[in-house]
Amino acid sequence: MNIEKGKEPLPGGRSRWLKVVFSAALVMSFSFYFISISAAQVSRLKRTATSAVGSGSQVQKAAVPASPGKQKVSTTGSQTGQKTKPASAPEKPAAASIKGIPEATLQVLKENRFLEEELKLAKTPQYYFVLNLKERTLELRARGMVLKSWKASELRYTGKPVPLQVTTLTNKTALNPPERKVLNPAEQQAEEARKAAEEKARQEQQKKKENGKKQDSAQSTTATPADTFDVEALEITDMPGSYELNFDDGLRIFVRSKSGFSEKFRQTRETLLWYTWYPVKHFLNRKSELRPQLILYFDNMRDAQGIYWAFIDGLKGIIWFP
Amino acid sequence: MKFWKVLLALVALVYLSSLAIVALSWMHHLKLSAEWKTVWSFELDPKARVKPEAQNAALKKKIQELHPKGVYIMVDSAENRLYLKKDGQTIKEALVSTGSGVILVEPGGKRSWQFDTPKGEFFVKSKIQNPYWVKPDWAFIEENEPIPKKMEDRVEAGVLGDYALGFGQGYFIHGTLYTRLLGRNVTHGCVRVADKDLEEVFKASRIGTRIYIY
C-alpha cells in the first residue's frame with residue numbers, strides 16, 4: 001500500500017470541512033442581511049428627512065400652478081435621486097433648506113399639487129379617477145364629487161414612481177376580454193324560427209306526458225325570474241376579474257380579484273414573484289427606465305369587474321400618495 | 001476529494017453571490033418603494049405670497065363650486081341603478097335598464113349601431129309626458145322589417161311609458177313596459193325606469209338638471 005505522507009485522509013476530515021464552509025456561509029448571509037436591512041433603514045430615514053425635494057425654501061411663498069410639461073421635467077429629475085433639485089429651486093442645498101420644514105407643511109404642499117391637478121379634471125364634463133395609494137381607494141369622480149369608490153384589499157407598487165399629475169388610460173388588456181355580441185337580424189330570425197319549432201315540439205311532447213300524470217306540478221315550471229334570463233347583452237358579469245390597465249406615462253396597473261381558485265393560485269404565484277424575482281429583475285435592470293407598476297387586489301370579483309366597466313379608454317385620473 | 005472541495009466551494013460561492021444579489025435587490029426595491037411616497041415636485045413662484053394652506057382652501061372651494069347644485073341624477077350603468085340626489089343626499093334609488101352593448105349590423109353591412117348608454121355628464125334637455133316613440137331605422141332593421149318611408153309609420157305610442165327625460169342625441173330616461181327586465185342591460189342606449197319611480201324623478205328634475213352616467 002502506497003500512501004503518501006500527509007495526504008492520508010483524517011477521520012472526520014470531510015465533515016470538519018463542511019462545518020467550516022457552512023458556518024462561514026451562515027455568518028456571511030446573516031451579515032449580508034443585517035447590512036442590507038440597516039442600509040435600507042438608514043436610507044429610508046434619510047429620505048424621510050429630505051422628502052419633497054426642493055420644496056422647503058418655498059414654504060413661506062407657496063406653490064403655484066405650473067405647466068404640466070415643466071412638472072414632468074422636474075419630477076423626472078427628482079426621480080433619479082433624492083438630492084436632485086427642481087428647475088426653479090434656489091441655489092441653496094436642498095437638505096439645508098428642508099431641515100426646518102415640518103412634515104405637516106410638506107403634506108400641505110403635496111396636497112396643493114394634488115388639488116391643482118384635480119381642479120383641471122373637475123373642470124371637464126368627463127368623469128375621472130383618483131387612486132389614493134395610502135388609503136388603497138379608487139374613486140370615480142365628476143366635478144369633484146365621488147360617483148363610486150372601491151377599496152382594494154391589497155396594493156403593491158414598484159418601478160419608477162408616477163408623477164403627481166394627470167394620467168390617461170390608453171388601453172385595457174385581459175386574457176379573456178369581453179366580446180360584444182353582433183346582431184344579424186336575418187340570421188337571428190331564422191334561428192328564432194328554428195328555436196320556436198323546437199320549443200313547440202318539446203311542449204307537445206310534454207303535454208302528452210302530462211296527460212297521464214296529475215295536474216298539480218304544471219304551474220311551478222312556467223315562471224322565470226328576470227335575473228335568470230339569458231339576454232344578448234354585455235353586462236358587468238361578462239367583464240374580466242383580472243386585467244391590466246395601461247397609461248400614457250408608462251404606468252401599468254394590474255387589477256386582480258381574489259375570488260376563485262385560479263385567481264388565488266395566480267395571486268400566490270405573483271406574490272412569490274413579487275418578493276423574489278421582481279426585486280432581482282429590477283436591480284439587474286436598474287440603469288434602464290423601470291416602468292411603474294401597481295397591483296390592486298380586490299376581495300370581491302364584482303369590484304374588479306366594475307372597474308373594468310367604468311374605466312373607458314381615454315379616462316383621465318390622478319394617482320397619489322397623500 | 002479535491003474535486004468535491006472545489007465543487008463545494010463553488011456552490012458556497014454561488015450561494016453567497018446570490019444572497020448578495022438578493023440583498024442588494026431588496027435594498028434597491030425598498031428604495032424604489034419609498035420613492036413612491038416621497039418623490040413629487042412642483043414649480044415654484046418666488047413672487048407668490050399666498051400661504052399654501054390658504055391656497056389649498058381656495059382650491060378646495062373652487063372644486064366644491066363645481067359640484068352640482070340642488071337636484072341631479074346619477075346612473076350606474078354597471079349595476080343598473082339610478083340615484084336621484086339633492087345636495088349630495090340620495091332621495092330616490094331605482095332599478096333601471098341601460099344599454100346592451102350589442103352591435104347591430106344592417107344586412108349588407110352598410111351601417112351598424114352600437115347600443116351603449118353614453119357615459120359622462122349630461123343635462124335634461126326635454127321633459128315629455130305620454131311620449132311617443134319615433135322609431136329610428138335600426139328599430140326596423142332589428143325586427144327585420146322594411147324601413148317605412150312615411151313618418152307616421154314610425155310613430156309608436158305607449159312603449160316609452162308615461163314620462164321621458166331627454167338628454168341629447170336621441171337618448172332618454174323613459175318608462176317601460178318591460179319591468180321584468182329592469183336591472184339588466186337590454187336597452188338600445190336609453191335608460192329605462194319603472195313608471196312609478198320615474199314619476200318622482202320626472203317631477204323633481206327640470207330642464208338643465210345634471211345627469212351623470214358612469
# chains A, B, ... in the order shown; residues from 1 in each chain; ligands from 1

$ closest_atom_pairs --of "stretch 111-209 of chain B" --to "stretch 183-207 of chain A" --cutoff "7 Å" --atoms "only C-alpha atoms" --output "tab-separated table"
residue	atom	partner	partner_atom	distance
B:Ile141	CA	A:Pro185	CA	6.9
B:Glu142	CA	A:Pro185	CA	5.5
B:Glu143	CA	A:Pro185	CA	6.7
B:Asn144	CA	A:Pro185	CA	5.6

$ write_last_selection --atoms "all heavy atoms" --output "mmCIF file, in the first residue's frame"
data_model
loop_
_atom_site.group_PDB
_atom_site.id
_atom_site.type_symbol
_atom_site.label_atom_id
_atom_site.label_comp_id
_atom_site.auth_asym_id
_atom_site.auth_seq_id
_atom_site.Cartn_x
_atom_site.Cartn_y
_atom_site.Cartn_z
ATOM 1 N N ILE B 141 -84.705 47.544 -38.683
ATOM 2 C CA ILE B 141 -83.681 46.573 -39.121
ATOM 3 C C ILE B 141 -83.580 45.428 -38.106
ATOM 4 O O ILE B 141 -83.482 44.258 -38.484
ATOM 5 C CB ILE B 141 -82.317 47.292 -39.300
ATOM 6 C CG1 ILE B 141 -82.402 48.245 -40.501
ATOM 7 C CG2 ILE B 141 -81.177 46.298 -39.481
ATOM 8 C CD1 ILE B 141 -81.274 49.222 -40.603
ATOM 9 N N GLU B 142 -83.675 45.791 -36.855
ATOM 10 C CA GLU B 142 -83.585 44.799 -35.789
ATOM 11 C C GLU B 142 -84.727 43.767 -35.882
ATOM 12 O O GLU B 142 -84.555 42.587 -35.604
ATOM 13 C CB GLU B 142 -83.628 45.512 -34.433
ATOM 14 C CG GLU B 142 -83.226 44.620 -33.277
ATOM 15 C CD GLU B 142 -83.220 45.367 -31.962
ATOM 16 O OE1 GLU B 142 -84.032 46.292 -31.802
ATOM 17 O OE2 GLU B 142 -82.407 45.026 -31.100
ATOM 18 N N GLU B 143 -85.898 44.290 -36.274
ATOM 19 C CA GLU B 143 -87.073 43.411 -36.400
ATOM 20 C C GLU B 143 -87.148 42.734 -37.763
ATOM 21 O O GLU B 143 -88.093 42.015 -38.052
ATOM 22 C CB GLU B 143 -88.360 44.236 -36.183
ATOM 23 C CG GLU B 143 -88.478 44.882 -34.809
ATOM 24 C CD GLU B 143 -88.587 43.863 -33.687
ATOM 25 O OE1 GLU B 143 -89.225 42.823 -33.894
ATOM 26 O OE2 GLU B 143 -87.999 44.108 -32.616
ATOM 27 N N ASN B 144 -86.150 43.032 -38.575
ATOM 28 C CA ASN B 144 -86.092 42.513 -39.938
ATOM 29 C C ASN B 144 -87.323 42.932 -40.741
ATOM 30 O O ASN B 144 -87.924 42.138 -41.473
ATOM 31 C CB ASN B 144 -85.942 40.991 -39.921
ATOM 32 C CG ASN B 144 -85.181 40.475 -41.122
ATOM 33 O OD1 ASN B 144 -84.560 41.259 -41.847
ATOM 34 N ND2 ASN B 144 -85.227 39.185 -41.335
#

$ select_by_dssp --residues "chain B" --states "strand (DSSP E or B)" --output "JSON, numbers by chain"
{"B": [44, 71, 72, 73, 74, 75, 76, 81, 82, 83, 84, 85, 86, 89, 90, 91, 92, 93, 94, 95, 96, 97, 98, 99, 103, 104, 105, 112, 113, 114, 120, 121, 122, 123, 126, 127, 128, 129, 132, 133, 134, 155, 156, 157, 163, 164, 165, 166, 172, 173, 174, 185, 186, 187, 191, 192, 193, 210, 211, 212, 213]}

$ residues_around --residues "A:Ala310" --least-positions-apart "2" --cutoff "10 Å" --atoms "only C-alpha atoms" --output "PyMOL selection string"
(chain A and resi 127-129+140+148+236+305-308+312-313+315) or (chain B and resi 76-78+119+213-214)

$ write_last_selection --atoms "C-alpha atoms" --output "PDB file, in the first residue's frame"
ATOM      1  CA  TYR A 127     -65.647  61.718 -15.061  1.00  0.00           C
ATOM      2  CA  TYR A 128     -62.156  60.850 -13.828  1.00  0.00           C
ATOM      3  CA  PHE A 129     -60.492  58.610 -11.278  1.00  0.00           C
ATOM      4  CA  LEU A 140     -64.598  57.670  -9.731  1.00  0.00           C
ATOM      5  CA  LYS A 148     -68.358  55.494  -6.971  1.00  0.00           C
ATOM      6  CA  ILE A 236     -70.897  43.582 -15.669  1.00  0.00           C
ATOM      7  CA  GLN A 305     -65.390  43.911 -12.988  1.00  0.00           C
ATOM      8  CA  GLY A 306     -66.928  47.269 -12.071  1.00  0.00           C
ATOM      9  CA  ILE A 307     -63.589  48.999 -12.582  1.00  0.00           C
ATOM     10  CA  TYR A 308     -63.184  47.366 -15.976  1.00  0.00           C
ATOM     11  CA  ILE A 312     -63.088  53.534 -20.588  1.00  0.00           C
ATOM     12  CA  ASP A 313     -60.181  54.262 -22.923  1.00  0.00           C
ATOM     13  CA  LEU A 315     -60.179  58.139 -18.994  1.00  0.00           C
TER      14      LEU A 315
ATOM     15  CA  ASP B  76     -74.666  53.476 -12.593  1.00  0.00           C
ATOM     16  CA  SER B  77     -74.813  51.563 -15.866  1.00  0.00           C
ATOM     17  CA  ALA B  78     -72.814  48.627 -14.479  1.00  0.00           C
ATOM     18  CA  LYS B 119     -71.102  57.949 -20.205  1.00  0.00           C
ATOM     19  CA  ILE B 213     -73.806  58.354 -16.242  1.00  0.00           C
ATOM     20  CA  TYR B 214     -70.871  56.061 -15.445  1.00  0.00           C
TER      21      TYR B 214
END

$ closest_residue --among "A:Leu138, A:Ile295, A:Val255, A:Ile319" --to "A:Pro161" --atoms "only C-alpha atoms"
A:Ile319

$ residues_around --residues "B:Pro131" --least-positions-apart "5" --cutoff "9 Å" --atoms "only C-alpha atoms" --output "ChimeraX atom specification"
/B:157-164,174

$ write_last_selection --atoms "N, CA and C atoms" --output "PDB file, in the first residue's frame"
ATOM      1  N   ALA B 157     -97.003  54.576 -29.888  1.00  0.00           N
ATOM      2  CA  ALA B 157     -97.395  55.137 -28.586  1.00  0.00           C
ATOM      3  C   ALA B 157     -97.315  54.071 -27.492  1.00  0.00           C
ATOM      4  N   GLY B 158     -97.058  54.536 -26.271  1.00  0.00           N
ATOM      5  CA  GLY B 158     -97.142  53.641 -25.119  1.00  0.00           C
ATOM      6  C   GLY B 158     -95.874  52.910 -24.714  1.00  0.00           C
ATOM      7  N   VAL B 159     -94.966  52.692 -25.662  1.00  0.00           N
ATOM      8  CA  VAL B 159     -93.779  51.882 -25.327  1.00  0.00           C
ATOM      9  C   VAL B 159     -92.764  52.599 -24.432  1.00  0.00           C
ATOM     10  N   LEU B 160     -92.826  53.929 -24.414  1.00  0.00           N
ATOM     11  CA  LEU B 160     -91.870  54.677 -23.592  1.00  0.00           C
ATOM     12  C   LEU B 160     -92.428  55.017 -22.205  1.00  0.00           C
ATOM     13  N   GLY B 161     -93.545  54.445 -21.851  1.00  0.00           N
ATOM     14  CA  GLY B 161     -94.123  54.696 -20.530  1.00  0.00           C
ATOM     15  C   GLY B 161     -94.810  56.048 -20.454  1.00  0.00           C
ATOM     16  N   ASP B 162     -94.956  56.544 -19.220  1.00  0.00           N
ATOM     17  CA  ASP B 162     -95.714  57.795 -19.019  1.00  0.00           C
ATOM     18  C   ASP B 162     -94.849  59.056 -19.132  1.00  0.00           C
ATOM     19  N   TYR B 163     -93.558  58.903 -18.863  1.00  0.00           N
ATOM     20  CA  TYR B 163     -92.685  60.090 -18.857  1.00  0.00           C
ATOM     21  C   TYR B 163     -91.380  59.816 -19.607  1.00  0.00           C
ATOM     22  N   ALA B 164     -90.769  60.895 -20.075  1.00  0.00           N
ATOM     23  CA  ALA B 164     -89.448  60.781 -20.711  1.00  0.00           C
ATOM     24  C   ALA B 164     -88.649  62.060 -20.475  1.00  0.00           C
ATOM     25  N   HIS B 174     -86.615  57.021 -19.781  1.00  0.00           N
ATOM     26  CA  HIS B 174     -88.052  56.887 -20.005  1.00  0.00           C
ATOM     27  C   HIS B 174     -88.626  55.663 -19.292  1.00  0.00           C
TER      28      HIS B 174
END

$ closest_residue --among "A:Glu244, A:Glu103, A:Glu270, A:Glu118" --to "chain B" --atoms "only C-alpha atoms"
A:Glu118

$ residues_around --residues "stretch 33-37 of chain B" --least-positions-apart "3" --cutoff "6 Å" --atoms "only C-alpha atoms" --output "list in words"
Thr158, Pro161 and Phe321 of chain A; Leu30 of chain B

$ atom_distance --atom1 "atom CA of B:Ser100" --atom2 "atom CA of B:Ala139"
14.3 Å

$ residues_around --residues "A:Leu169" --least-positions-apart "3" --cutoff "7 Å" --atoms "only C-alpha atoms" --output "list in words"
Leu245, Asn246, Phe247, Asp248, Asp313, Gly314, Leu315 and Lys316 of chain A

$ write_last_selection --atoms "all heavy atoms" --output "short mmCIF file (atom, residue, chain, number, x, y, z; two decimals), in the first residue's frame"
data_model
loop_
_atom_site.label_atom_id
_atom_site.label_comp_id
_atom_site.auth_asym_id
_atom_site.auth_seq_id
_atom_site.Cartn_x
_atom_site.Cartn_y
_atom_site.Cartn_z
N LEU A 245 -54.34 47.63 -16.87
CA LEU A 245 -54.66 48.96 -17.38
C LEU A 245 -53.36 49.65 -17.75
O LEU A 245 -52.44 49.71 -16.93
CB LEU A 245 -55.40 49.79 -16.31
CG LEU A 245 -56.67 49.20 -15.70
CD1 LEU A 245 -57.11 50.02 -14.50
CD2 LEU A 245 -57.78 49.16 -16.73
N ASN A 246 -53.26 50.13 -18.97
CA ASN A 246 -52.03 50.79 -19.42
C ASN A 246 -52.26 52.28 -19.59
O ASN A 246 -53.25 52.70 -20.20
CB ASN A 246 -51.58 50.19 -20.75
CG ASN A 246 -51.23 48.73 -20.61
OD1 ASN A 246 -50.41 48.36 -19.79
ND2 ASN A 246 -51.90 47.90 -21.38
N PHE A 247 -51.34 53.06 -19.04
CA PHE A 247 -51.49 54.51 -19.08
C PHE A 247 -50.42 55.15 -19.96
O PHE A 247 -49.38 54.54 -20.23
CB PHE A 247 -51.41 55.07 -17.66
CG PHE A 247 -52.60 54.67 -16.83
CD1 PHE A 247 -52.64 53.46 -16.17
CD2 PHE A 247 -53.70 55.49 -16.75
CE1 PHE A 247 -53.75 53.08 -15.43
CE2 PHE A 247 -54.82 55.13 -16.02
CZ PHE A 247 -54.84 53.92 -15.35
N ASP A 248 -50.71 56.40 -20.35
CA ASP A 248 -49.82 57.09 -21.29
C ASP A 248 -48.43 57.38 -20.73
O ASP A 248 -47.49 57.57 -21.48
CB ASP A 248 -50.48 58.37 -21.81
CG ASP A 248 -50.75 59.39 -20.72
OD1 ASP A 248 -50.69 59.01 -19.52
OD2 ASP A 248 -51.03 60.56 -21.04
N ASP A 313 -61.41 53.75 -22.31
CA ASP A 313 -60.18 54.26 -22.92
C ASP A 313 -60.23 55.78 -22.99
O ASP A 313 -61.24 56.36 -23.36
CB ASP A 313 -60.01 53.69 -24.33
CG ASP A 313 -59.61 52.22 -24.30
OD1 ASP A 313 -59.45 51.68 -23.19
OD2 ASP A 313 -59.48 51.63 -25.38
N GLY A 314 -59.14 56.40 -22.61
CA GLY A 314 -59.06 57.86 -22.62
C GLY A 314 -59.44 58.48 -21.28
O GLY A 314 -59.37 59.70 -21.12
N LEU A 315 -59.81 57.63 -20.32
CA LEU A 315 -60.18 58.14 -18.99
C LEU A 315 -58.95 58.75 -18.32
O LEU A 315 -57.87 58.17 -18.34
CB LEU A 315 -60.73 57.00 -18.13
CG LEU A 315 -61.21 57.38 -16.73
CD1 LEU A 315 -62.53 58.12 -16.80
CD2 LEU A 315 -61.37 56.15 -15.86
N LYS A 316 -59.16 59.92 -17.74
CA LYS A 316 -58.05 60.59 -17.07
C LYS A 316 -58.15 60.41 -15.57
O LYS A 316 -59.24 60.13 -15.04
CB LYS A 316 -58.06 62.08 -17.42
CG LYS A 316 -57.73 62.35 -18.87
CD LYS A 316 -57.74 63.82 -19.17
CE LYS A 316 -57.58 64.11 -20.63
NZ LYS A 316 -56.36 63.64 -21.26
#

$ residues_around --residues "B:Lys86" --least-positions-apart "2" --cutoff "8 Å" --atoms "only C-alpha atoms" --output "ChimeraX atom specification"
/B:69-72,84,88-91

$ write_last_selection --atoms "N, CA and C atoms" --output "PDB file, in the first residue's frame"
ATOM      1  N   LYS B  69     -75.448  71.698  -8.067  1.00  0.00           N
ATOM      2  CA  LYS B  69     -76.298  72.274  -7.004  1.00  0.00           C
ATOM      3  C   LYS B  69     -77.722  71.704  -7.127  1.00  0.00           C
ATOM      4  N   GLY B  70     -78.360  71.562  -6.008  1.00  0.00           N
ATOM      5  CA  GLY B  70     -79.758  71.103  -5.991  1.00  0.00           C
ATOM      6  C   GLY B  70     -79.901  69.651  -6.415  1.00  0.00           C
ATOM      7  N   VAL B  71     -80.899  69.421  -7.290  1.00  0.00           N
ATOM      8  CA  VAL B  71     -81.205  68.042  -7.709  1.00  0.00           C
ATOM      9  C   VAL B  71     -80.340  67.633  -8.905  1.00  0.00           C
ATOM     10  N   TYR B  72     -79.858  66.421  -8.871  1.00  0.00           N
ATOM     11  CA  TYR B  72     -79.158  65.851 -10.025  1.00  0.00           C
ATOM     12  C   TYR B  72     -79.389  64.337 -10.055  1.00  0.00           C
ATOM     13  N   LEU B  84     -81.457  59.508  -7.528  1.00  0.00           N
ATOM     14  CA  LEU B  84     -81.880  60.901  -7.594  1.00  0.00           C
ATOM     15  C   LEU B  84     -81.299  61.576  -6.360  1.00  0.00           C
ATOM     16  N   GLY B  88     -76.206  66.282  -2.636  1.00  0.00           N
ATOM     17  CA  GLY B  88     -75.348  65.177  -2.197  1.00  0.00           C
ATOM     18  C   GLY B  88     -76.081  64.040  -1.502  1.00  0.00           C
ATOM     19  N   GLN B  89     -77.337  64.242  -1.152  1.00  0.00           N
ATOM     20  CA  GLN B  89     -78.103  63.201  -0.450  1.00  0.00           C
ATOM     21  C   GLN B  89     -78.989  62.442  -1.437  1.00  0.00           C
ATOM     22  N   THR B  90     -79.005  61.109  -1.290  1.00  0.00           N
ATOM     23  CA  THR B  90     -79.851  60.303  -2.168  1.00  0.00           C
ATOM     24  C   THR B  90     -81.307  60.407  -1.710  1.00  0.00           C
ATOM     25  N   ILE B  91     -82.166  60.864  -2.594  1.00  0.00           N
ATOM     26  CA  ILE B  91     -83.584  60.954  -2.215  1.00  0.00           C
ATOM     27  C   ILE B  91     -84.424  59.867  -2.889  1.00  0.00           C
TER      28      ILE B  91
END

$ closest_residue --among "B:Asp153, B:Asp87, B:Asp116, B:Glu93" --to "A:Glu235" --atoms "only C-alpha atoms"
B:Asp116

$ closest_residue --among "B:Val102, B:Ile207, B:Ile147, B:Val155" --to "A:Val231" --atoms "only C-alpha atoms"
B:Val102

$ closest_residue --among "B:Pro118, B:Pro136, B:Gly208, B:Gly183" --to "chain A" --atoms "only C-alpha atoms"
B:Gly183

$ atom_distance --atom1 "atom CA of A:Leu131" --atom2 "atom CA of A:Glu117"
12.9 Å

$ select_by_dssp --residues "stretch 147-295 of chain A" --states "helix (DSSP H, G or I)" --output "PDB file with C-alpha atoms, in the first residue's frame"
ATOM      1  CA  PRO A 185     -81.396  40.199 -37.906  1.00  0.00           C
ATOM      2  CA  ALA A 186     -81.894  37.898 -40.891  1.00  0.00           C
ATOM      3  CA  GLU A 187     -79.815  35.131 -39.328  1.00  0.00           C
ATOM      4  CA  GLN A 188     -81.382  35.745 -35.964  1.00  0.00           C
ATOM      5  CA  GLN A 189     -84.903  35.389 -37.332  1.00  0.00           C
ATOM      6  CA  ALA A 190     -84.067  32.055 -38.895  1.00  0.00           C
ATOM      7  CA  GLU A 191     -82.547  30.926 -35.603  1.00  0.00           C
ATOM      8  CA  GLU A 192     -85.613  32.089 -33.676  1.00  0.00           C
ATOM      9  CA  ALA A 193     -87.933  30.228 -36.024  1.00  0.00           C
ATOM     10  CA  ARG A 194     -85.883  27.076 -35.524  1.00  0.00           C
ATOM     11  CA  LYS A 195     -85.960  27.517 -31.738  1.00  0.00           C
ATOM     12  CA  ALA A 196     -89.708  28.167 -31.767  1.00  0.00           C
ATOM     13  CA  ALA A 197     -90.272  24.995 -33.731  1.00  0.00           C
ATOM     14  CA  GLU A 198     -88.137  23.052 -31.283  1.00  0.00           C
ATOM     15  CA  GLU A 199     -89.949  24.563 -28.332  1.00  0.00           C
ATOM     16  CA  LYS A 200     -93.317  23.711 -29.858  1.00  0.00           C
ATOM     17  CA  ALA A 201     -92.264  20.131 -30.395  1.00  0.00           C
ATOM     18  CA  ARG A 202     -90.944  19.924 -26.855  1.00  0.00           C
ATOM     19  CA  GLN A 203     -94.155  21.347 -25.418  1.00  0.00           C
ATOM     20  CA  GLU A 204     -96.259  18.922 -27.380  1.00  0.00           C
ATOM     21  CA  GLN A 205     -94.199  16.053 -26.107  1.00  0.00           C
ATOM     22  CA  GLN A 206     -94.502  17.325 -22.548  1.00  0.00           C
ATOM     23  CA  LYS A 207     -98.254  17.675 -22.925  1.00  0.00           C
ATOM     24  CA  LYS A 208     -98.525  14.069 -23.962  1.00  0.00           C
ATOM     25  CA  LYS A 209     -96.557  13.019 -20.904  1.00  0.00           C
ATOM     26  CA  GLU A 210     -98.522  15.240 -18.578  1.00  0.00           C
ATOM     27  CA  ASN A 211    -101.837  13.857 -19.737  1.00  0.00           C
ATOM     28  CA  ASP A 216    -100.600  19.929  -9.724  1.00  0.00           C
ATOM     29  CA  SER A 217     -96.978  20.266 -10.892  1.00  0.00           C
ATOM     30  CA  ALA A 218     -97.904  22.174 -14.054  1.00  0.00           C
ATOM     31  CA  GLN A 219     -97.612  25.791 -12.837  1.00  0.00           C
ATOM     32  CA  SER A 220     -94.311  25.732 -10.940  1.00  0.00           C
ATOM     33  CA  THR A 221     -92.141  25.461 -14.060  1.00  0.00           C
ATOM     34  CA  ALA A 226     -85.786  38.218 -14.612  1.00  0.00           C
ATOM     35  CA  ASP A 227     -82.233  37.608 -13.448  1.00  0.00           C
ATOM     36  CA  THR A 228     -82.138  34.136 -14.974  1.00  0.00           C
ATOM     37  CA  ILE A 236     -70.897  43.582 -15.669  1.00  0.00           C
ATOM     38  CA  THR A 237     -70.671  39.824 -15.112  1.00  0.00           C
ATOM     39  CA  ASP A 238     -69.129  39.468 -18.569  1.00  0.00           C
ATOM     40  CA  PHE A 261     -59.262  29.054  -7.130  1.00  0.00           C
ATOM     41  CA  SER A 262     -57.458  30.119 -10.284  1.00  0.00           C
ATOM     42  CA  GLU A 263     -57.262  33.704  -9.018  1.00  0.00           C
ATOM     43  CA  LYS A 264     -55.873  32.541  -5.670  1.00  0.00           C
ATOM     44  CA  PHE A 265     -53.299  30.465  -7.489  1.00  0.00           C
ATOM     45  CA  ARG A 266     -52.391  33.443  -9.641  1.00  0.00           C
ATOM     46  CA  GLN A 267     -52.037  35.649  -6.597  1.00  0.00           C
ATOM     47  CA  THR A 268     -49.759  33.166  -4.836  1.00  0.00           C
ATOM     48  CA  ARG A 269     -47.588  32.970  -7.934  1.00  0.00           C
ATOM     49  CA  GLU A 270     -47.474  36.762  -8.196  1.00  0.00           C
ATOM     50  CA  THR A 271     -46.621  37.131  -4.516  1.00  0.00           C
ATOM     51  CA  LEU A 272     -43.707  34.748  -4.916  1.00  0.00           C
ATOM     52  CA  LEU A 273     -42.502  36.597  -7.988  1.00  0.00           C
ATOM     53  CA  TRP A 274     -43.026  39.972  -6.347  1.00  0.00           C
ATOM     54  CA  TYR A 275     -40.819  39.172  -3.392  1.00  0.00           C
ATOM     55  CA  THR A 276     -38.154  37.157  -5.156  1.00  0.00           C
ATOM     56  CA  TRP A 277     -37.819  37.660  -8.880  1.00  0.00           C
ATOM     57  CA  TYR A 278     -39.059  41.238  -9.297  1.00  0.00           C
ATOM     58  CA  PRO A 279     -36.522  42.849  -6.905  1.00  0.00           C
ATOM     59  CA  VAL A 280     -33.689  40.959  -8.604  1.00  0.00           C
ATOM     60  CA  LYS A 281     -35.005  41.832 -12.068  1.00  0.00           C
ATOM     61  CA  HIS A 282     -35.320  45.497 -11.155  1.00  0.00           C
ATOM     62  CA  PHE A 283     -31.873  45.535  -9.596  1.00  0.00           C
ATOM     63  CA  LEU A 284     -30.281  43.968 -12.645  1.00  0.00           C
TER      64      LEU A 284
END

$ atom_distance --atom1 "atom CA of A:Ala104" --atom2 "atom CA of A:Gly144"
23.9 Å
